[in-house]
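S.K.: My questions all concern the structure below.
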Amino acid sequence: MDMRTLFLICFAFLVCACSTRSDQRVYTLQGQVLAVAPNHDGATIKHDEIKGLMPAMTMPYKVKEAKLLDHIAPGDLVNATLVVVSNDAYLTEVNKIGSAPLEQQPAATQAASSGFELLKPGEAVPDASFVDQDGKKLGFSAFKGSTLVVTFIYTRCPLPTFCPLMDRHFATIQTRLKDDPALKNVHLVSISFDPITDTPPVLKKHARTLEADPRRWTFLTGTRDDVDQFGARFGVSISRALDDPLNVTHTLRTAVVDADGKLVKVYTGNEWTPEQVLADLKPVVGAK
């Protein structure tokens, strides 16, 4: 092997290594543990501002190794190392530095989801008032006649495995819809529960970033109460710190609604895939 060939191989290796490192960002997280998952694969932490990533917030974080949480309990104050890559985020270190009484939930957060029964498959989705990315007011009933895939997001969501993952999944579904004539009547709807930040111009810019086709994919927001109450019927729980309405804690729900406006199915969390949704859509559109 001549020196030039050896140099090119080494250079390629270095470029690849640098590219891998540049995709990974590491942050220090400080906060209080509110809950630990039963199988110790994650914890919900109310944390201080993570400089360069997000403001003070309450979020669930997963860990790569369950043993990291073996000696962690609700109320513990922790320092942790948060690793963020293009499509994942996880804690690699969790160190207890103290403990403190947990605040009573009513004093810390306010949720508008209580008091509303969950929709069951086959039930009509109630109408609600929204504003789309063009600033146009419309009710949810305006989508009747189209089979819908509906999800709930906010554009400031910093973790790639939460709202950004919903965006990526919807972008994949949008591409597949264009390739399948049988799904031509399917429409995607992303509803933001952060009306303070996600104004129509912000949603429109977000839609352009995702290359969302407005004929296929609509972004909505509305008043806080309208969105929270609508989302609650699908199982979306949204809480905001009383001293900072931009500090949002939420669950993830995605739903299929048929052309008659009736609920077909709700996907919980972020484990669903575009392929799963596309398969579930086939019998729905085929029934019409």
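Quick note on naming: the chains in the structure tokens go A, B, ... in the order shown, residues restart at 1 in each chain, and ligands are numbered from 1 in order of appearance.
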I want to know what sits within 10 Å of region 72-83 of chain A, based on only C-alpha atoms, with residues of the same chain fewer than 4 positions away left out; could you give that as a compact mmCIF listing (two decimals) with C-alpha atoms, in the first residue's frame?
M.R.:
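Writing done, so here's result.txt:
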# COMPACT_ATOMS: atom_id res chain seq x y z
CA GLN A 24 -23.85 14.14 19.09
CA ARG A 25 -24.47 16.95 21.57
CA VAL A 26 -23.88 16.56 25.29
CA TYR A 27 -25.50 18.70 28.00
CA THR A 28 -25.55 18.88 31.77
CA LEU A 29 -29.00 18.51 33.32
CA GLN A 30 -29.83 19.52 36.90
CA GLY A 31 -33.21 19.00 38.49
CA GLN A 32 -35.56 17.00 40.66
CA VAL A 33 -36.87 13.55 39.83
CA LEU A 34 -40.67 13.48 39.88
CA ALA A 35 -41.16 9.84 38.84
CA VAL A 36 -39.17 6.76 37.87
CA ALA A 37 -40.51 4.25 35.35
CA HIS A 40 -36.18 1.84 35.38
CA ALA A 43 -37.51 9.12 34.67
CA THR A 44 -39.54 12.31 34.64
CA ILE A 45 -37.38 15.23 35.76
CA LYS A 46 -38.26 18.83 36.52
CA HIS A 47 -35.02 20.53 35.55
CA ILE A 50 -30.30 23.47 29.81
CA TYR A 61 -35.99 11.11 29.84
CA LYS A 62 -34.91 7.59 29.01
CA VAL A 63 -31.66 5.94 30.02
CA LYS A 67 -29.04 0.40 36.51
CA LEU A 68 -28.48 4.17 36.29
CA ASP A 88 -32.66 10.21 19.91
CA ALA A 89 -32.00 11.61 23.39
CA TYR A 90 -31.00 9.77 26.56
CA LEU A 91 -29.20 10.09 29.88
CA THR A 92 -25.81 8.44 30.30
CA GLU A 93 -25.15 9.50 33.91
CA VAL A 94 -27.52 10.21 36.78
CA ASN A 95 -26.02 11.25 40.11
CA LYS A 96 -28.02 11.99 43.24
CA ILE A 97 -26.85 15.18 44.97
CA GLY A 98 -29.65 15.53 47.54
CA SER A 99 -33.38 15.31 48.03
CA ALA A 100 -36.31 17.63 48.65
CA PRO A 101 -40.06 17.28 49.24
CA LEU A 102 -42.06 17.11 46.04
CA GLU A 103 -44.30 20.09 45.39
S.K.: From a DSSP calculation on the backbone, collect every residue of region 31-139 of chain A in strand (DSSP E or B) and output the set as a ChimeraX atom specification.
M.R.: /A:31-36,42-47,50,54,57-63,76-85,88-99,109-111,124,129-132,137-139
S.K.: Would you save the residues of that selection, restricted to C-alpha atoms, as a compact mmCIF listing (two decimals), in the first residue's frame?
M.R.:
# COMPACT_ATOMS: atom_id res chain seq x y z
CA GLY A 31 -33.21 19.00 38.49
CA GLN A 32 -35.56 17.00 40.66
CA VAL A 33 -36.87 13.55 39.83
CA LEU A 34 -40.67 13.48 39.88
CA ALA A 35 -41.16 9.84 38.84
CA VAL A 36 -39.17 6.76 37.87
CA GLY A 42 -36.60 6.34 32.25
CA ALA A 43 -37.51 9.12 34.67
CA THR A 44 -39.54 12.31 34.64
CA ILE A 45 -37.38 15.23 35.76
CA LYS A 46 -38.26 18.83 36.52
CA HIS A 47 -35.02 20.53 35.55
CA ILE A 50 -30.30 23.47 29.81
CA MET A 54 -34.15 24.29 26.25
CA MET A 57 -38.99 22.25 31.81
CA THR A 58 -40.46 19.01 33.06
CA MET A 59 -39.78 16.11 30.68
CA PRO A 60 -39.48 12.33 30.70
CA TYR A 61 -35.99 11.11 29.84
CA LYS A 62 -34.91 7.59 29.01
CA VAL A 63 -31.66 5.94 30.02
CA ASP A 76 -34.15 13.14 44.52
CA LEU A 77 -32.11 16.08 43.27
CA VAL A 78 -29.81 14.97 40.47
CA ASN A 79 -27.08 15.97 38.10
CA ALA A 80 -27.26 14.10 34.81
CA THR A 81 -25.57 13.97 31.43
CA LEU A 82 -28.00 14.32 28.52
CA VAL A 83 -26.92 13.09 25.10
CA VAL A 84 -28.89 14.37 22.09
CA VAL A 85 -28.42 13.00 18.56
CA ASP A 88 -32.66 10.21 19.91
CA ALA A 89 -32.00 11.61 23.39
CA TYR A 90 -31.00 9.77 26.56
CA LEU A 91 -29.20 10.09 29.88
CA THR A 92 -25.81 8.44 30.30
CA GLU A 93 -25.15 9.50 33.91
CA VAL A 94 -27.52 10.21 36.78
CA ASN A 95 -26.02 11.25 40.11
CA LYS A 96 -28.02 11.99 43.24
CA ILE A 97 -26.85 15.18 44.97
CA GLY A 98 -29.65 15.53 47.54
CA SER A 99 -33.38 15.31 48.03
CA THR A 109 -48.80 22.86 37.33
CA GLN A 110 -52.22 23.39 35.91
CA ALA A 111 -53.83 20.88 33.58
CA ALA A 124 -67.92 10.96 16.94
CA SER A 129 -62.55 25.83 16.95
CA PHE A 130 -59.06 26.21 15.52
CA VAL A 131 -56.87 28.53 13.47
CA ASP A 132 -54.71 27.09 10.70
CA LYS A 137 -60.54 30.03 11.46
CA LEU A 138 -62.13 26.63 11.01
CA GLY A 139 -63.82 23.94 13.03
S.K.: Which neighbours of region 176-179 of chain A fall inside 12 Å, counting only C-alpha atoms, when residues of the same chain fewer than 5 positions from it are skipped, and could you give them as a list in words?
M.R.: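 Selected residues are Thr147, Leu148, Val149, His169, Phe170, Ala171, Lys184, Asn185, Val186, His187, Leu188, Ala212, Asp213, Arg215, Arg216, Trp217, Pro274, Glu275, Val277, Leu278, Ala279, Leu281 and Lys282 of chain A.
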S.K.: Point out the residue among A:Leu252, A:Ile238, A:Val125, A:Ala66 with the least atom-to-atom distance to Met166 (chain A), counting only C-alpha atoms.
M.R.: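 Counting only C-alpha atoms, the residue closest to Met166 (chain A) is A:Leu252.
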S.K.: Hey, what's within 12 Å of Val266 (chain A) if we count only C-alpha atoms and toss same-chain stuff fewer than 4 positions away? As number ranges by chain, please?
M.R.: A: 118-122, 148-152, 231, 233-236, 252-257, 262, 270, 272, 276-277, 280
S.K.: Write to file, as an mmCIF file, in the first residue's frame, the residues of the selection just made, with N, CA and C atoms.
M.R.:
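Listed below is the output, result_19.cif:
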data_model
loop_
_atom_site.group_PDB
_atom_site.id
_atom_site.type_symbol
_atom_site.label_atom_id
_atom_site.label_comp_id
_atom_site.auth_asym_id
_atom_site.auth_seq_id
_atom_site.Cartn_x
_atom_site.Cartn_y
_atom_site.Cartn_z
ATOM 1 N N LEU A 118 -62.556 10.017 27.805
ATOM 2 C CA LEU A 118 -61.828 9.619 26.614
ATOM 3 C C LEU A 118 -62.797 9.121 25.549
ATOM 4 N N LEU A 119 -62.481 9.479 24.310
ATOM 5 C CA LEU A 119 -63.270 8.976 23.203
ATOM 6 C C LEU A 119 -63.006 7.485 23.013
ATOM 7 N N LYS A 120 -64.032 6.775 22.624
ATOM 8 C CA LYS A 120 -63.897 5.351 22.320
ATOM 9 C C LYS A 120 -64.009 5.155 20.814
ATOM 10 N N PRO A 121 -63.356 4.141 20.261
ATOM 11 C CA PRO A 121 -63.484 3.869 18.829
ATOM 12 C C PRO A 121 -64.947 3.775 18.415
ATOM 13 N N GLY A 122 -65.277 4.454 17.338
ATOM 14 C CA GLY A 122 -66.646 4.485 16.845
ATOM 15 C C GLY A 122 -67.419 5.708 17.279
ATOM 16 N N LEU A 148 -58.588 11.120 8.538
ATOM 17 C CA LEU A 148 -57.554 11.951 9.157
ATOM 18 C C LEU A 148 -56.588 11.129 9.988
ATOM 19 N N VAL A 149 -55.342 11.601 10.006
ATOM 20 C CA VAL A 149 -54.373 11.175 11.011
ATOM 21 C C VAL A 149 -54.020 12.445 11.776
ATOM 22 N N VAL A 150 -54.312 12.437 13.071
ATOM 23 C CA VAL A 150 -54.192 13.647 13.893
ATOM 24 C C VAL A 150 -53.134 13.423 14.968
ATOM 25 N N THR A 151 -52.251 14.398 15.147
ATOM 26 C CA THR A 151 -51.294 14.322 16.245
ATOM 27 C C THR A 151 -51.187 15.678 16.922
ATOM 28 N N PHE A 152 -50.549 15.704 18.088
ATOM 29 C CA PHE A 152 -50.438 16.918 18.900
ATOM 30 C C PHE A 152 -48.958 17.214 19.144
ATOM 31 N N GLY A 231 -57.735 17.927 22.995
ATOM 32 C CA GLY A 231 -56.712 16.896 23.131
ATOM 33 C C GLY A 231 -57.024 15.902 24.230
ATOM 34 N N ARG A 233 -59.728 14.585 25.042
ATOM 35 C CA ARG A 233 -60.627 13.519 24.615
ATOM 36 C C ARG A 233 -59.869 12.354 23.968
ATOM 37 N N PHE A 234 -58.636 12.614 23.503
ATOM 38 C CA PHE A 234 -57.796 11.571 22.918
ATOM 39 C C PHE A 234 -56.793 11.010 23.930
ATOM 40 N N GLY A 235 -56.784 11.574 25.144
ATOM 41 C CA GLY A 235 -55.850 11.122 26.157
ATOM 42 C C GLY A 235 -54.618 11.989 26.284
ATOM 43 N N VAL A 236 -54.602 13.142 25.610
ATOM 44 C CA VAL A 236 -53.465 14.049 25.717
ATOM 45 C C VAL A 236 -53.564 14.798 27.045
ATOM 46 N N LEU A 252 -48.014 12.093 24.563
ATOM 47 C CA LEU A 252 -48.128 11.993 23.115
ATOM 48 C C LEU A 252 -49.297 11.088 22.739
ATOM 49 N N ARG A 253 -50.119 11.580 21.829
ATOM 50 C CA ARG A 253 -51.209 10.779 21.277
ATOM 51 C C ARG A 253 -51.349 11.100 19.792
ATOM 52 N N THR A 254 -51.611 10.064 19.002
ATOM 53 C CA THR A 254 -51.876 10.218 17.575
ATOM 54 C C THR A 254 -53.106 9.382 17.266
ATOM 55 N N ALA A 255 -53.995 9.899 16.435
ATOM 56 C CA ALA A 255 -55.272 9.225 16.217
ATOM 57 C C ALA A 255 -55.632 9.149 14.739
ATOM 58 N N VAL A 256 -56.388 8.123 14.412
ATOM 59 C CA VAL A 256 -57.005 7.995 13.091
ATOM 60 C C VAL A 256 -58.494 8.274 13.253
ATOM 61 N N VAL A 257 -59.012 9.172 12.418
ATOM 62 C CA VAL A 257 -60.429 9.542 12.429
ATOM 63 C C VAL A 257 -60.987 9.287 11.032
ATOM 64 N N LYS A 262 -65.571 9.957 12.942
ATOM 65 C CA LYS A 262 -65.588 9.048 14.097
ATOM 66 C C LYS A 262 -64.185 8.503 14.369
ATOM 67 N N ASN A 270 -44.747 7.305 21.616
ATOM 68 C CA ASN A 270 -43.964 7.507 20.405
ATOM 69 C C ASN A 270 -43.476 6.194 19.786
ATOM 70 N N TRP A 272 -45.278 4.117 17.876
ATOM 71 C CA TRP A 272 -45.904 3.753 16.607
ATOM 72 C C TRP A 272 -44.989 4.126 15.436
ATOM 73 N N GLN A 276 -47.122 1.240 10.446
ATOM 74 C CA GLN A 276 -48.269 0.764 11.209
ATOM 75 C C GLN A 276 -49.509 1.592 10.897
ATOM 76 N N VAL A 277 -49.343 2.913 10.850
ATOM 77 C CA VAL A 277 -50.477 3.788 10.559
ATOM 78 C C VAL A 277 -50.992 3.549 9.135
ATOM 79 N N ASP A 280 -53.023 0.499 9.038
ATOM 80 C CA ASP A 280 -54.320 0.678 9.702
ATOM 81 C C ASP A 280 -55.265 1.549 8.871
#
S.K.: Using only C-alpha atoms, determine which residues lie at most 7 Å from Arg224 (chain A), disregarding the query and same-chain residues fewer than 3 positions distant; provide the list as a CSV table (one decimal) with N, CA and C atoms, in the first residue's frame.
M.R.:
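Full text of out.csv as output:
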chain,number,residue,atom,x,y,z
A,193,PHE,N,-50.4,22.7,20.9
A,193,PHE,CA,-51.0,23.1,22.2
A,193,PHE,C,-50.1,24.2,22.8
A,195,PRO,N,-50.2,27.9,22.0
A,195,PRO,CA,-50.7,29.0,21.1
A,195,PRO,C,-49.9,30.3,21.4
A,227,VAL,N,-57.8,23.9,22.8
A,227,VAL,CA,-56.9,22.8,22.4
A,227,VAL,C,-56.7,21.8,23.5
A,228,ASP,N,-56.6,22.2,24.7
A,228,ASP,CA,-56.4,21.3,25.8
A,228,ASP,C,-57.6,20.4,26.0
S.K.: Rank nothing, just name the residue among A:Asn87, A:Thr223, A:Leu69, A:Asp48 nearest to Phe162 (chain A), using only C-alpha atoms.
M.R.: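 Answer, going by the shortest atom-to-atom distance: A:Asn87.
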S.K.: Per DSSP on the backbone, filter region 62-147 of chain A down to the residues in alpha helix (DSSP H) and report them as a VMD selection string.
M.R.: chain A and resid 105 to 108
S.K.: Check the smallest atom-to-atom distance from each of A:Asp226, A:Glu271, A:Asp258, A:Glu117 to Val284 (chain A) using only C-alpha atoms, then report the winner.
M.R.: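 Of A:Asp226, A:Glu271, A:Asp258, A:Glu117, the one nearest Val284 (chain A), counting only C-alpha atoms, is A:Asp258.
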S.K.: Would you please work out which residue, of A:Asp180, A:Asp167, A:Glu65, A:Asp194, is nearest to Val248 (chain A) when using only C-alpha atoms?
M.R.: A:Asp194
S.K.: Find the residues near Pro200 (chain A): any atom within 7 Å, counting only C-alpha atoms, skip ones fewer than 2 places away on the same chain, and give them as a list in words.
M.R.: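 Surrounding residues, per the criterion: Asp132, Gln133, Asp134, Gly135, Asp198, Val202, Leu203 and Lys204 of chain A.
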S.K.: Got time to write the residues from that selection, N, CA and C atoms, as a tab-separated table (two decimals), in the first residue's frame?
M.R.:
chain	number	residue	atom	x	y	z
A	132	ASP	N	-55.75	27.83	11.42
A	132	ASP	CA	-54.71	27.09	10.70
A	132	ASP	C	-53.48	27.94	10.45
A	133	GLN	N	-52.51	27.37	9.75
A	133	GLN	CA	-51.23	28.05	9.54
A	133	GLN	C	-51.36	29.31	8.67
A	134	ASP	N	-52.49	29.46	8.01
A	134	ASP	CA	-52.73	30.66	7.21
A	134	ASP	C	-53.55	31.70	7.96
A	135	GLY	N	-53.86	31.41	9.24
A	135	GLY	CA	-54.65	32.35	10.03
A	135	GLY	C	-56.15	32.20	9.81
A	198	ASP	N	-46.75	29.25	19.05
A	198	ASP	CA	-47.10	28.73	17.73
A	198	ASP	C	-48.25	29.50	17.10
A	202	VAL	N	-45.68	31.21	12.65
A	202	VAL	CA	-44.70	30.22	13.13
A	202	VAL	C	-45.04	28.84	12.59
A	203	LEU	N	-46.32	28.49	12.63
A	203	LEU	CA	-46.74	27.19	12.11
A	203	LEU	C	-46.50	27.09	10.61
A	204	LYS	N	-46.71	28.19	9.90
A	204	LYS	CA	-46.49	28.17	8.45
A	204	LYS	C	-45.01	27.96	8.13
